[in-house]
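> The structure file data-v8.cif (mmCIF, C-alpha atoms) is provided below.
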```cif
data_input
loop_
_atom_site.group_PDB
_atom_site.id
_atom_site.type_symbol
_atom_site.label_atom_id
_atom_site.label_comp_id
_atom_site.auth_asym_id
_atom_site.auth_seq_id
_atom_site.Cartn_x
_atom_site.Cartn_y
_atom_site.Cartn_z
ATOM 1 C CA ASN P 1 -23.333 9.966 6.116
ATOM 2 C CA TYR P 2 -21.010 12.921 5.565
ATOM 3 C CA ILE P 3 -20.352 14.144 9.102
ATOM 4 C CA LYS P 4 -19.071 12.192 12.084
ATOM 5 C CA LEU P 5 -18.813 13.958 15.433
ATOM 6 C CA LEU P 6 -16.050 12.717 17.730
ATOM 7 C CA SER P 7 -15.699 13.749 21.349
ATOM 8 C CA GLN P 8 -12.740 13.297 23.703
ATOM 9 C CA ASP P 9 -11.104 14.808 26.743
ATOM 10 C CA HIS P 10 -8.910 17.738 25.838
ATOM 11 C CA ARG P 11 -5.591 16.294 24.706
ATOM 12 C CA GLY P 12 -4.455 18.999 22.339
ATOM 13 C CA LEU P 13 -4.387 19.607 18.620
ATOM 14 C CA TYR P 14 -2.184 16.624 17.802
ATOM 15 C CA ALA P 15 -4.625 14.136 19.335
ATOM 16 C CA ALA P 16 -7.686 15.631 17.639
ATOM 17 C CA ARG P 17 -5.987 15.403 14.256
ATOM 18 C CA ASN P 18 -4.601 11.904 14.747
ATOM 19 C CA ILE P 19 -7.940 10.581 15.954
ATOM 20 C CA GLY P 20 -9.716 12.336 13.097
ATOM 21 C CA MET P 21 -7.384 10.722 10.567
ATOM 22 C CA GLY P 22 -8.064 7.345 12.118
ATOM 23 C CA HIS P 23 -11.822 7.737 11.706
ATOM 24 C CA ALA P 24 -11.829 9.377 8.274
ATOM 25 C CA SER P 25 -13.386 7.203 5.567
ATOM 26 C CA GLY P 26 -12.675 9.266 2.461
ATOM 27 C CA SER P 27 -9.711 9.043 0.096
ATOM 28 C CA TYR P 28 -8.353 12.481 1.037
ATOM 29 C CA ILE P 29 -7.961 14.417 4.273
ATOM 30 C CA MET P 30 -7.948 18.138 5.056
ATOM 31 C CA PHE P 31 -7.370 19.975 8.322
ATOM 32 C CA LEU P 32 -9.106 23.129 9.515
ATOM 33 C CA ASP P 33 -8.086 24.967 12.688
ATOM 34 C CA SER P 34 -10.909 26.248 14.872
ATOM 35 C CA ASP P 35 -9.853 29.904 14.428
ATOM 36 C CA ASP P 36 -9.955 29.766 10.632
ATOM 37 C CA TYR P 37 -12.262 28.968 7.744
ATOM 38 C CA LEU P 38 -12.187 27.817 4.132
ATOM 39 C CA ARG P 39 -13.372 29.710 1.088
ATOM 40 C CA THR P 40 -16.827 28.498 0.091
ATOM 41 C CA ASP P 41 -15.621 27.079 -3.248
ATOM 42 C CA THR P 42 -12.684 25.142 -1.739
ATOM 43 C CA ALA P 43 -14.123 21.637 -2.059
ATOM 44 C CA HIS P 44 -15.237 22.206 -5.644
ATOM 45 C CA ILE P 45 -11.848 23.570 -6.762
ATOM 46 C CA ILE P 46 -9.874 20.783 -5.098
ATOM 47 C CA LYS P 47 -12.133 18.054 -6.483
ATOM 48 C CA GLU P 48 -11.603 19.403 -10.004
ATOM 49 C CA HIS P 49 -7.827 19.193 -9.594
ATOM 50 C CA LEU P 50 -7.993 15.712 -8.072
ATOM 51 C CA LYS P 51 -9.736 14.510 -11.234
ATOM 52 C CA GLU P 52 -6.574 15.237 -13.231
ATOM 53 C CA SER P 53 -4.283 12.738 -11.500
ATOM 54 C CA HIS P 54 -3.885 10.516 -8.445
ATOM 55 C CA TYR P 55 -2.128 13.191 -6.400
ATOM 56 C CA ASP P 56 -0.658 12.493 -2.981
ATOM 57 C CA ALA P 57 -1.362 16.140 -2.151
ATOM 58 C CA VAL P 58 -2.724 19.324 -3.636
ATOM 59 C CA PHE P 59 -1.244 22.377 -1.908
ATOM 60 C CA PHE P 60 -2.905 25.788 -1.928
ATOM 61 C CA ASP P 61 -2.393 29.244 -0.440
ATOM 62 C CA ALA P 62 -4.039 31.347 2.268
ATOM 63 C CA ASP P 63 -5.263 34.843 3.003
ATOM 64 C CA ILE P 64 -4.719 36.462 6.390
ATOM 65 C CA PHE P 65 -7.282 38.423 8.361
ATOM 66 C CA PHE P 66 -6.899 40.105 11.732
ATOM 67 C CA GLU P 67 -9.181 40.444 14.706
ATOM 68 C CA ASP P 68 -9.776 44.079 15.654
ATOM 69 C CA ASP P 69 -7.637 43.954 18.793
ATOM 70 C CA CYS P 70 -4.770 42.021 17.225
ATOM 71 C CA ASN P 71 -1.496 43.929 17.567
ATOM 72 C CA TYR P 72 0.550 41.636 15.336
ATOM 73 C CA PHE P 73 2.198 43.128 12.253
ATOM 74 C CA ILE P 74 3.330 41.335 9.112
ATOM 75 C CA SER P 75 5.097 42.899 6.151
ATOM 76 C CA ARG P 76 4.394 40.012 3.763
ATOM 77 C CA ASN P 77 1.812 37.281 3.446
ATOM 78 C CA GLY P 78 4.056 34.243 3.628
ATOM 79 C CA TYR P 79 1.098 32.026 2.739
ATOM 80 C CA ASP P 80 0.848 33.568 -0.746
ATOM 81 C CA ARG P 81 3.140 31.684 -3.141
ATOM 82 C CA LYS P 82 1.895 32.939 -6.492
ATOM 83 C CA ASP P 83 5.412 34.143 -7.386
ATOM 84 C CA ALA P 84 7.191 30.928 -6.370
ATOM 85 C CA GLY P 85 7.066 29.486 -9.897
ATOM 86 C CA ILE P 86 5.202 26.342 -8.869
ATOM 87 C CA ASP P 87 1.605 27.164 -9.828
ATOM 88 C CA ASN P 88 -0.188 24.178 -11.416
ATOM 89 C CA MET P 89 3.025 22.159 -11.569
ATOM 90 C CA ASP P 90 3.094 18.393 -11.051
ATOM 91 C CA MET P 91 6.139 17.260 -9.088
ATOM 92 C CA ASN P 92 7.151 14.878 -6.351
ATOM 93 C CA GLY P 93 7.355 15.989 -2.732
ATOM 94 C CA LEU P 94 11.120 16.417 -2.720
ATOM 95 C CA GLU P 95 10.943 18.684 -5.763
ATOM 96 C CA TYR P 96 8.158 20.659 -4.121
ATOM 97 C CA PHE P 97 10.298 21.165 -1.013
ATOM 98 C CA ARG P 98 13.346 22.150 -3.077
ATOM 99 C CA MET P 99 11.428 24.690 -5.159
ATOM 100 C CA CYS P 100 9.721 26.257 -2.131
ATOM 101 C CA TYR P 101 12.492 26.307 0.439
ATOM 102 C CA PRO P 102 13.388 28.618 2.024
ATOM 103 C CA GLY P 103 11.304 31.646 1.028
ATOM 104 C CA ASP P 104 8.065 29.963 -0.039
ATOM 105 C CA TYR P 105 8.015 26.846 2.122
ATOM 106 C CA VAL P 106 5.015 26.811 4.473
ATOM 107 C CA ALA P 107 4.902 24.253 7.278
ATOM 108 C CA SER P 108 1.139 24.307 7.783
ATOM 109 C CA ALA P 109 -0.881 21.113 7.656
ATOM 110 C CA CYS P 110 -4.019 23.116 6.865
ATOM 111 C CA MET P 111 -2.962 24.316 3.425
ATOM 112 C CA ALA P 112 -3.279 21.069 1.495
ATOM 113 C CA VAL P 113 -5.458 18.048 0.881
ATOM 114 C CA TYR P 114 -3.651 14.762 1.605
ATOM 115 C CA ASN P 115 -3.937 11.251 0.252
ATOM 116 C CA LYS P 116 -5.139 9.165 3.195
ATOM 117 C CA GLN P 117 -3.621 5.984 1.764
ATOM 118 C CA LEU P 118 -0.121 7.486 1.823
ATOM 119 C CA ILE P 119 -0.588 8.719 5.394
ATOM 120 C CA GLU P 120 -1.581 5.220 6.487
ATOM 121 C CA LYS P 121 1.130 3.472 4.464
ATOM 122 C CA GLU P 122 3.929 5.657 5.863
ATOM 123 C CA LYS P 123 2.324 5.876 9.333
ATOM 124 C CA ILE P 124 2.565 9.679 9.324
ATOM 125 C CA GLU P 125 1.151 11.228 12.489
ATOM 126 C CA PHE P 126 1.406 14.436 14.449
ATOM 127 C CA PRO P 127 3.928 14.165 17.323
ATOM 128 C CA GLU P 128 2.294 13.662 20.692
ATOM 129 C CA GLY P 129 1.933 16.561 23.100
ATOM 130 C CA MET P 130 4.118 19.071 21.236
ATOM 131 C CA PHE P 131 3.784 22.505 19.734
ATOM 132 C CA TYR P 132 4.985 22.904 16.123
ATOM 133 C CA GLU P 133 3.546 19.526 15.160
ATOM 134 C CA ASP P 134 2.694 20.933 11.724
ATOM 135 C CA THR P 135 6.393 21.394 11.012
ATOM 136 C CA TYR P 136 7.060 17.689 11.465
ATOM 137 C CA PHE P 137 3.949 16.445 9.650
ATOM 138 C CA SER P 138 4.440 18.754 6.653
ATOM 139 C CA PHE P 139 8.090 17.795 6.237
ATOM 140 C CA VAL P 140 7.605 14.036 6.531
ATOM 141 C CA PHE P 141 4.649 14.027 4.172
ATOM 142 C CA ALA P 142 6.559 16.076 1.585
ATOM 143 C CA ILE P 143 9.553 13.739 1.439
ATOM 144 C CA LYS P 144 7.282 10.682 1.125
ATOM 145 C CA ALA P 145 4.928 12.060 -1.552
ATOM 146 C CA LYS P 146 5.438 10.834 -5.128
ATOM 147 C CA CYS P 147 3.117 13.235 -6.941
ATOM 148 C CA VAL P 148 1.906 16.614 -5.670
ATOM 149 C CA LYS P 149 0.567 19.817 -7.142
ATOM 150 C CA HIS P 150 0.382 23.430 -6.011
ATOM 151 C CA ILE P 151 -2.393 25.835 -6.981
ATOM 152 C CA SER P 152 -2.114 29.561 -6.341
ATOM 153 C CA GLU P 153 -5.599 29.858 -4.924
ATOM 154 C CA LYS P 154 -6.069 31.420 -1.476
ATOM 155 C CA LEU P 155 -8.547 28.827 -0.298
ATOM 156 C CA TYR P 156 -7.583 28.898 3.374
ATOM 157 C CA GLN P 157 -8.452 31.931 5.509
ATOM 158 C CA ARG P 158 -6.011 32.308 8.389
ATOM 159 C CA ARG P 159 -7.080 34.319 11.431
ATOM 160 C CA TYR P 160 -4.488 36.265 13.407
ATOM 161 C CA ARG P 161 -5.538 37.066 16.956
ATOM 162 C CA ASN P 162 -3.851 37.747 20.249
ATOM 163 C CA HIS P 163 -3.256 34.712 22.501
ATOM 164 C CA SER P 164 -3.615 32.098 19.775
ATOM 165 C CA ILE P 165 -1.184 29.162 19.790
ATOM 166 C CA THR P 166 0.754 30.759 16.940
ATOM 167 C CA MET P 167 1.040 34.146 18.620
ATOM 168 C CA SER P 168 1.148 33.288 22.312
ATOM 169 C CA ASN P 169 4.192 33.928 24.511
ATOM 170 C CA TYR P 170 7.244 31.807 23.850
ATOM 171 C CA SER P 171 7.427 29.685 26.991
ATOM 172 C CA GLU P 172 9.840 27.045 28.206
ATOM 173 C CA LYS P 173 7.609 24.399 26.626
ATOM 174 C CA ASN P 174 7.623 26.261 23.311
ATOM 175 C CA PHE P 175 11.400 26.362 23.413
ATOM 176 C CA ARG P 176 11.844 22.693 24.284
ATOM 177 C CA ASP P 177 9.215 21.573 21.762
ATOM 178 C CA HIS P 178 10.842 23.694 19.082
ATOM 179 C CA ILE P 179 14.095 21.835 19.662
ATOM 180 C CA ASP P 180 12.499 18.391 19.962
ATOM 181 C CA ILE P 181 10.534 18.785 16.716
ATOM 182 C CA GLY P 182 13.779 19.719 14.993
ATOM 183 C CA LEU P 183 15.433 16.607 16.375
ATOM 184 C CA LEU P 184 12.551 14.430 15.164
ATOM 185 C CA ILE P 185 12.953 15.897 11.685
ATOM 186 C CA TRP P 186 16.707 15.371 11.851
ATOM 187 C CA ASN P 187 16.191 11.713 12.726
ATOM 188 C CA VAL P 188 13.868 11.311 9.731
ATOM 189 C CA ILE P 189 16.525 12.807 7.463
ATOM 190 C CA LYS P 190 19.225 10.651 9.009
ATOM 191 C CA GLN P 191 17.208 7.460 8.514
ATOM 192 C CA ASN P 192 16.294 8.131 4.857
ATOM 193 C CA GLN P 193 19.379 7.354 2.835
ATOM 194 C CA GLU P 194 17.917 8.790 -0.374
ATOM 195 C CA LEU P 195 18.150 12.231 1.239
ATOM 196 C CA TRP P 196 21.927 11.879 1.558
ATOM 197 C CA ILE P 197 22.709 11.699 -2.149
ATOM 198 C CA PRO P 198 24.630 14.774 -3.371
ATOM 199 C CA ALA P 199 21.565 16.229 -5.092
ATOM 200 C CA TRP P 200 19.720 16.567 -1.772
ATOM 201 C CA ARG P 201 22.336 16.477 0.987
ATOM 202 C CA GLU P 202 23.190 20.176 1.065
ATOM 203 C CA LEU P 203 19.545 21.212 0.925
ATOM 204 C CA PHE P 204 18.476 19.171 3.933
ATOM 205 C CA LEU P 205 21.526 19.920 6.024
ATOM 206 C CA SER P 206 20.899 23.603 5.330
ATOM 207 C CA PHE P 207 17.277 23.147 6.350
ATOM 208 C CA VAL P 208 18.290 21.653 9.712
ATOM 209 C CA ASN P 209 20.935 24.320 10.183
ATOM 210 C CA ASP P 210 18.436 27.100 9.422
ATOM 211 C CA TYR P 211 15.820 25.557 11.690
ATOM 212 C CA PHE P 212 18.011 25.462 14.772
ATOM 213 C CA GLY P 213 19.463 28.853 13.923
ATOM 214 C CA LEU P 214 15.921 30.236 13.934
ATOM 215 C CA VAL P 215 15.223 28.705 17.347
ATOM 216 C CA TRP P 216 18.430 30.085 18.768
ATOM 217 C CA ASN P 217 17.862 33.564 17.336
ATOM 218 C CA LYS P 218 14.288 33.632 18.620
ATOM 219 C CA PHE P 219 15.445 32.692 22.083
ATOM 220 C CA GLN P 220 18.152 35.357 22.055
ATOM 221 C CA ARG P 221 15.770 38.038 20.797
ATOM 222 C CA LEU P 222 13.073 37.313 23.363
ATOM 223 C CA LYS P 223 15.641 37.034 26.105
ATOM 224 C CA LYS P 224 16.814 40.580 25.310
ATOM 225 C CA GLN P 225 13.187 41.739 25.418
ATOM 226 C CA ASN P 226 12.872 40.151 28.875
ATOM 227 C CA GLU P 227 10.139 37.826 27.637
ATOM 228 C CA PHE P 228 11.702 35.024 29.651
ATOM 229 C CA ARG P 229 10.952 36.164 33.169
ATOM 230 C CA ASP P 230 11.731 32.830 34.781
ATOM 231 C CA VAL P 231 15.495 33.187 35.105
ATOM 232 C CA LYS P 232 15.907 29.600 36.304
ATOM 233 C CA TRP P 233 14.713 28.025 33.076
ATOM 234 C CA ALA P 234 15.989 30.828 30.854
ATOM 235 C CA CYS P 235 19.515 29.827 31.866
ATOM 236 C CA GLN P 236 18.928 26.163 31.104
ATOM 237 C CA PRO P 237 19.482 26.494 27.320
ATOM 238 C CA PHE P 238 23.145 27.036 28.121
ATOM 239 C CA MET P 239 23.162 23.354 29.048
ATOM 240 C CA TYR P 240 20.568 22.330 26.482
ATOM 241 C CA GLY P 241 22.604 20.589 23.840
ATOM 242 C CA GLY P 242 21.932 21.237 20.200
ATOM 243 C CA VAL P 243 20.681 24.786 20.138
ATOM 244 C CA LEU P 244 23.476 26.092 22.329
ATOM 245 C CA ALA P 245 26.073 24.309 20.230
ATOM 246 C CA MET P 246 24.570 25.999 17.190
ATOM 247 C CA GLY P 247 24.610 29.357 18.898
ATOM 248 C CA ARG P 248 28.279 29.119 19.851
ATOM 249 C CA MET P 249 29.192 28.187 16.305
ATOM 250 C CA GLU P 250 26.839 30.794 14.809
ATOM 251 C CA THR P 251 24.799 28.003 13.201
ATOM 252 C CA SER P 252 27.713 27.096 10.930
ATOM 253 C CA PHE P 253 28.138 23.416 11.810
ATOM 254 C CA VAL P 254 26.756 22.333 8.449
ATOM 255 C CA LYS P 255 29.505 24.096 6.513
ATOM 256 C CA LYS P 256 32.078 21.806 8.090
ATOM 257 C CA TYR P 257 30.431 18.757 6.541
ATOM 258 C CA LEU P 258 29.007 19.865 3.192
ATOM 259 C CA HIS P 259 32.170 19.095 1.263
ATOM 260 C CA LYS P 260 33.338 16.163 3.334
ATOM 261 C CA PRO P 261 32.060 12.599 3.724
ATOM 262 C CA ILE P 262 28.968 12.794 5.897
ATOM 263 C CA ASN P 263 29.423 11.446 9.410
ATOM 264 C CA SER P 264 25.801 11.393 10.481
ATOM 265 C CA ASP P 265 26.552 10.326 14.035
ATOM 266 C CA LYS P 266 29.009 13.156 14.517
ATOM 267 C CA ILE P 267 26.519 15.735 13.267
ATOM 268 C CA LEU P 268 23.755 14.175 15.329
ATOM 269 C CA SER P 269 25.888 14.467 18.457
ATOM 270 C CA ARG P 270 25.802 18.218 17.970
ATOM 271 C CA LEU P 271 22.013 18.080 17.843
ATOM 272 C CA THR P 272 21.454 15.831 20.839
ATOM 273 C CA VAL P 273 19.442 17.433 23.582
ATOM 274 C CA LEU P 274 20.835 16.849 27.065
ATOM 275 C CA THR P 275 18.224 15.387 29.374
#
```
Can you dump the structure from the file as structure tokens?


Amino acid sequence: NYIKLLSQDHRGLYAARNIGMGHASGSYIMFLDSDDYLRTDTAHIIKEHLKESHYDAVFFDADIFFEDDCNYFISRNGYDRKDAGIDNMDMNGLEYFRMCYPGDYVASACMAVYNKQLIEKEKIEFPEGMFYEDTYFSFVFAIKAKCVKHISEKLYQRRYRNHSITMSNYSEKNFRDHIDIGLLIWNVIKQNQELWIPAWRELFLSFVNDYFGLVWNKFQRLKKQNEFRDVKWACQPFMYGGVLAMGRMETSFVKKYLHKPINSDKILSRLTVLT
């Protein structure tokens, strides 16, 4: 009665999660990647917090552990938000995003329990066939949530290993998906008028600006390291719309609009990917 095994042809992480959400019968949903595990007291702790209120989400933190042959180095556990000033706070999703971003915002679908009713009501799914699907799901859920809570408990145990999706080489598909996920998020922002009021406008434009700046800087850094060995596609970003426009302007397009009436279409034209 508690476990349902679903089997399908390999269609990627997005499909497994979307299908799982469709078959889930409980009131709340959690995600667990195959490389990782949860602390043994996770369910008990979360259930105790869910008794306090009808939360749309309860967010928690993560520890990191490395496989012996992993050559990845981190200077800070970005999944540890005990110093973010949000521990045990009740807030809506927009407030959660504002208080976390940029330094303590984590776009991981695995570090929360989600209200299934809200997911179904807002039709929130993972984008089909793309890397970085967590980035989209986490953002959309946050801006739709009316009541969330964060607990500074490292319930999730994140494995770092060579050749995982997170740490694999940055390919042409990674690059294109990185851009396309950003454009999906931008369209969500553009279509939600409540995000354009002065209290939120600068925050979300800065978020989009930072996002595409990160993509551009990552591309430039890996290009210098000769990670992009396929010269044919490595040159394509110079015709690839949004990210190149950002790069030429040093990711400063937002500054031109922060103190002027917002022309969403004009900004969007700078983010349009040429196909």

> Kindly give the distance, in Å, that separates CA of Ile19 (chain P) and CA of Leu6 (chain P), rounded to a single decimal.

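These two atoms are separated by 8.6 Å.
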
> So which residues fall inside 9 Å of (6.8, 22.5, 23.5) if we count all atoms listed in the file? Mind giving them as a list of chain:residue names?

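With a cut-off of 9 Å, the residues come to P:Gly129, P:Met130, P:Phe131, P:Tyr132, P:Ser171, P:Glu172, P:Lys173, P:Asn174, P:Phe175, P:Arg176, P:Asp177, P:His178, P:Ile179, P:Asp180, P:Ile181.
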
> Once the PyMOL selection byres ((chain P and resi 39) around 8) has been evaluated on this model, what residues remain selected, and can you format them as a count of residues only?

9

> Report the distance between CA of Val188 (chain P) and CA of Ile86 (chain P) in Å, rounded to one decimal place.

25.4 Å

> As an NGL selection string, please: the residues near Gly78 (chain P) (cut-off 10 Å, only C-alpha atoms, same-chain neighbours under 4 positions excluded).

:P and (61-64 or 74 or 103-106)

> Can you work out which one of P:Asp83, P:Asp35, P:Glu95, P:Asp90 has the shortest atom-to-atom distance to Glu52 (chain P), counting only C-alpha atoms?

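Smallest distance to Glu52 (chain P) is found for P:Asp90.
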
> What's the 12 Å shell around Tyr28 (chain P), counting all atoms listed in the file, without same-chain residues fewer than 5 positions away, as a list in words?

Met21, Ala43, Ile46, Lys47, Leu50, His54, Tyr55, Asp56, Ala57, Val58, Ala112, Val113, Tyr114, Asn115, Lys116, Gln117, Leu118, Ile119 and Glu120 of chain P

> Go ahead and write the selection's residues with C-alpha atoms as a PDB file, in the frame of the given file.


```pdb
ATOM      1  CA  MET P  21      -7.384  10.722  10.567  1.00  0.00           C
ATOM      2  CA  ALA P  43     -14.123  21.637  -2.059  1.00  0.00           C
ATOM      3  CA  ILE P  46      -9.874  20.783  -5.098  1.00  0.00           C
ATOM      4  CA  LYS P  47     -12.133  18.054  -6.483  1.00  0.00           C
ATOM      5  CA  LEU P  50      -7.993  15.712  -8.072  1.00  0.00           C
ATOM      6  CA  HIS P  54      -3.885  10.516  -8.445  1.00  0.00           C
ATOM      7  CA  TYR P  55      -2.128  13.191  -6.400  1.00  0.00           C
ATOM      8  CA  ASP P  56      -0.658  12.493  -2.981  1.00  0.00           C
ATOM      9  CA  ALA P  57      -1.362  16.140  -2.151  1.00  0.00           C
ATOM     10  CA  VAL P  58      -2.724  19.324  -3.636  1.00  0.00           C
ATOM     11  CA  ALA P 112      -3.279  21.069   1.495  1.00  0.00           C
ATOM     12  CA  VAL P 113      -5.458  18.048   0.881  1.00  0.00           C
ATOM     13  CA  TYR P 114      -3.651  14.762   1.605  1.00  0.00           C
ATOM     14  CA  ASN P 115      -3.937  11.251   0.252  1.00  0.00           C
ATOM     15  CA  LYS P 116      -5.139   9.165   3.195  1.00  0.00           C
ATOM     16  CA  GLN P 117      -3.621   5.984   1.764  1.00  0.00           C
ATOM     17  CA  LEU P 118      -0.121   7.486   1.823  1.00  0.00           C
ATOM     18  CA  ILE P 119      -0.588   8.719   5.394  1.00  0.00           C
ATOM     19  CA  GLU P 120      -1.581   5.220   6.487  1.00  0.00           C
TER      20      GLU P 120
END
```

> Provide the CA of Phe219 (chain P) to CA of Asp134 (chain P) distance in Å, to one decimal place.

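That distance, rounded to one decimal, is 20.2 Å.
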
> Go through P:Tyr160, P:Tyr170, P:Phe126, P:Tyr14 and flag the residue nearest Lys218 (chain P), using only C-alpha atoms for the distances.

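Selected residue with least distance to Lys218 (chain P): P:Tyr170.
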
> Looking at only C-alpha atoms, which of P:Leu5, P:Ala145, P:Met91, P:Ala109 is the one that sits closest to Gly20 (chain P)?

P:Leu5

> For Ala107 (chain P), find every residue with an atom within 9 Å (counting all atoms listed in the file), except residues of its own chain fewer than 4 positions away, and show them as a list in words.

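Surrounding residues, per the criterion: Met111, Tyr132, Asp134, Thr135, Tyr136, Phe137, Ser138 and Phe139 of chain P.
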
> For Phe207 (chain P), which residue out of P:Arg98, P:Arg76, P:Lys144, P:Arg159 is the nearest one, using only C-alpha atoms?

P:Arg98

> Measuring between only C-alpha atoms, which one of P:Ile3, P:Met89, P:Ile185, P:Ile197 shows the shortest distance to His49 (chain P)?

P:Met89

> Please supply region 35-59 of chain P, rebuilt with N, CA and C atoms, as a compact mmCIF listing (two decimals), keeping the file's coordinate frame.


```txt
# COMPACT_ATOMS: atom_id res chain seq x y z
N ASP P 35 -9.85 28.45 14.60
CA ASP P 35 -9.85 29.90 14.43
C ASP P 35 -10.14 30.32 12.99
N ASP P 36 -10.01 29.42 12.04
CA ASP P 36 -9.96 29.77 10.63
C ASP P 36 -11.17 29.25 9.87
N TYR P 37 -11.20 29.51 8.58
CA TYR P 37 -12.26 28.97 7.74
C TYR P 37 -11.76 28.80 6.31
N LEU P 38 -12.52 28.06 5.53
CA LEU P 38 -12.19 27.82 4.13
C LEU P 38 -13.08 28.66 3.23
N ARG P 39 -12.56 29.03 2.09
CA ARG P 39 -13.37 29.71 1.09
C ARG P 39 -14.51 28.79 0.67
N THR P 40 -15.65 29.33 0.34
CA THR P 40 -16.83 28.50 0.09
C THR P 40 -16.69 27.58 -1.12
N ASP P 41 -15.79 27.92 -2.05
CA ASP P 41 -15.62 27.08 -3.25
C ASP P 41 -14.44 26.12 -3.13
N THR P 42 -13.89 25.96 -1.93
CA THR P 42 -12.68 25.14 -1.74
C THR P 42 -12.87 23.70 -2.20
N ALA P 43 -13.92 23.05 -1.73
CA ALA P 43 -14.12 21.64 -2.06
C ALA P 43 -14.28 21.45 -3.56
N HIS P 44 -15.03 22.33 -4.20
CA HIS P 44 -15.24 22.21 -5.64
C HIS P 44 -13.92 22.34 -6.41
N ILE P 45 -13.12 23.35 -6.06
CA ILE P 45 -11.85 23.57 -6.76
C ILE P 45 -10.91 22.39 -6.58
N ILE P 46 -10.78 21.90 -5.36
CA ILE P 46 -9.87 20.78 -5.10
C ILE P 46 -10.33 19.51 -5.82
N LYS P 47 -11.62 19.25 -5.80
CA LYS P 47 -12.13 18.05 -6.48
C LYS P 47 -11.84 18.10 -7.98
N GLU P 48 -11.91 19.27 -8.57
CA GLU P 48 -11.60 19.40 -10.00
C GLU P 48 -10.14 19.07 -10.27
N HIS P 49 -9.25 19.49 -9.40
CA HIS P 49 -7.83 19.19 -9.59
C HIS P 49 -7.53 17.71 -9.33
N LEU P 50 -8.23 17.12 -8.38
CA LEU P 50 -7.99 15.71 -8.07
C LEU P 50 -8.46 14.80 -9.21
N LYS P 51 -9.31 15.29 -10.08
CA LYS P 51 -9.74 14.51 -11.23
C LYS P 51 -8.62 14.33 -12.26
N GLU P 52 -7.63 15.23 -12.22
CA GLU P 52 -6.57 15.24 -13.23
C GLU P 52 -5.56 14.11 -13.04
N SER P 53 -5.31 13.74 -11.79
CA SER P 53 -4.28 12.74 -11.50
C SER P 53 -4.50 12.20 -10.09
N HIS P 54 -3.80 11.10 -9.79
CA HIS P 54 -3.88 10.52 -8.44
C HIS P 54 -2.82 11.18 -7.58
N TYR P 55 -3.09 12.42 -7.17
CA TYR P 55 -2.13 13.19 -6.40
C TYR P 55 -2.04 12.68 -4.96
N ASP P 56 -0.82 12.73 -4.41
CA ASP P 56 -0.66 12.49 -2.98
C ASP P 56 -1.07 13.73 -2.18
N ALA P 57 -0.94 14.90 -2.80
CA ALA P 57 -1.36 16.14 -2.15
C ALA P 57 -1.61 17.22 -3.19
N VAL P 58 -2.55 18.08 -2.90
CA VAL P 58 -2.72 19.32 -3.64
C VAL P 58 -2.56 20.45 -2.62
N PHE P 59 -1.52 21.26 -2.81
CA PHE P 59 -1.24 22.38 -1.91
C PHE P 59 -1.90 23.65 -2.44
```
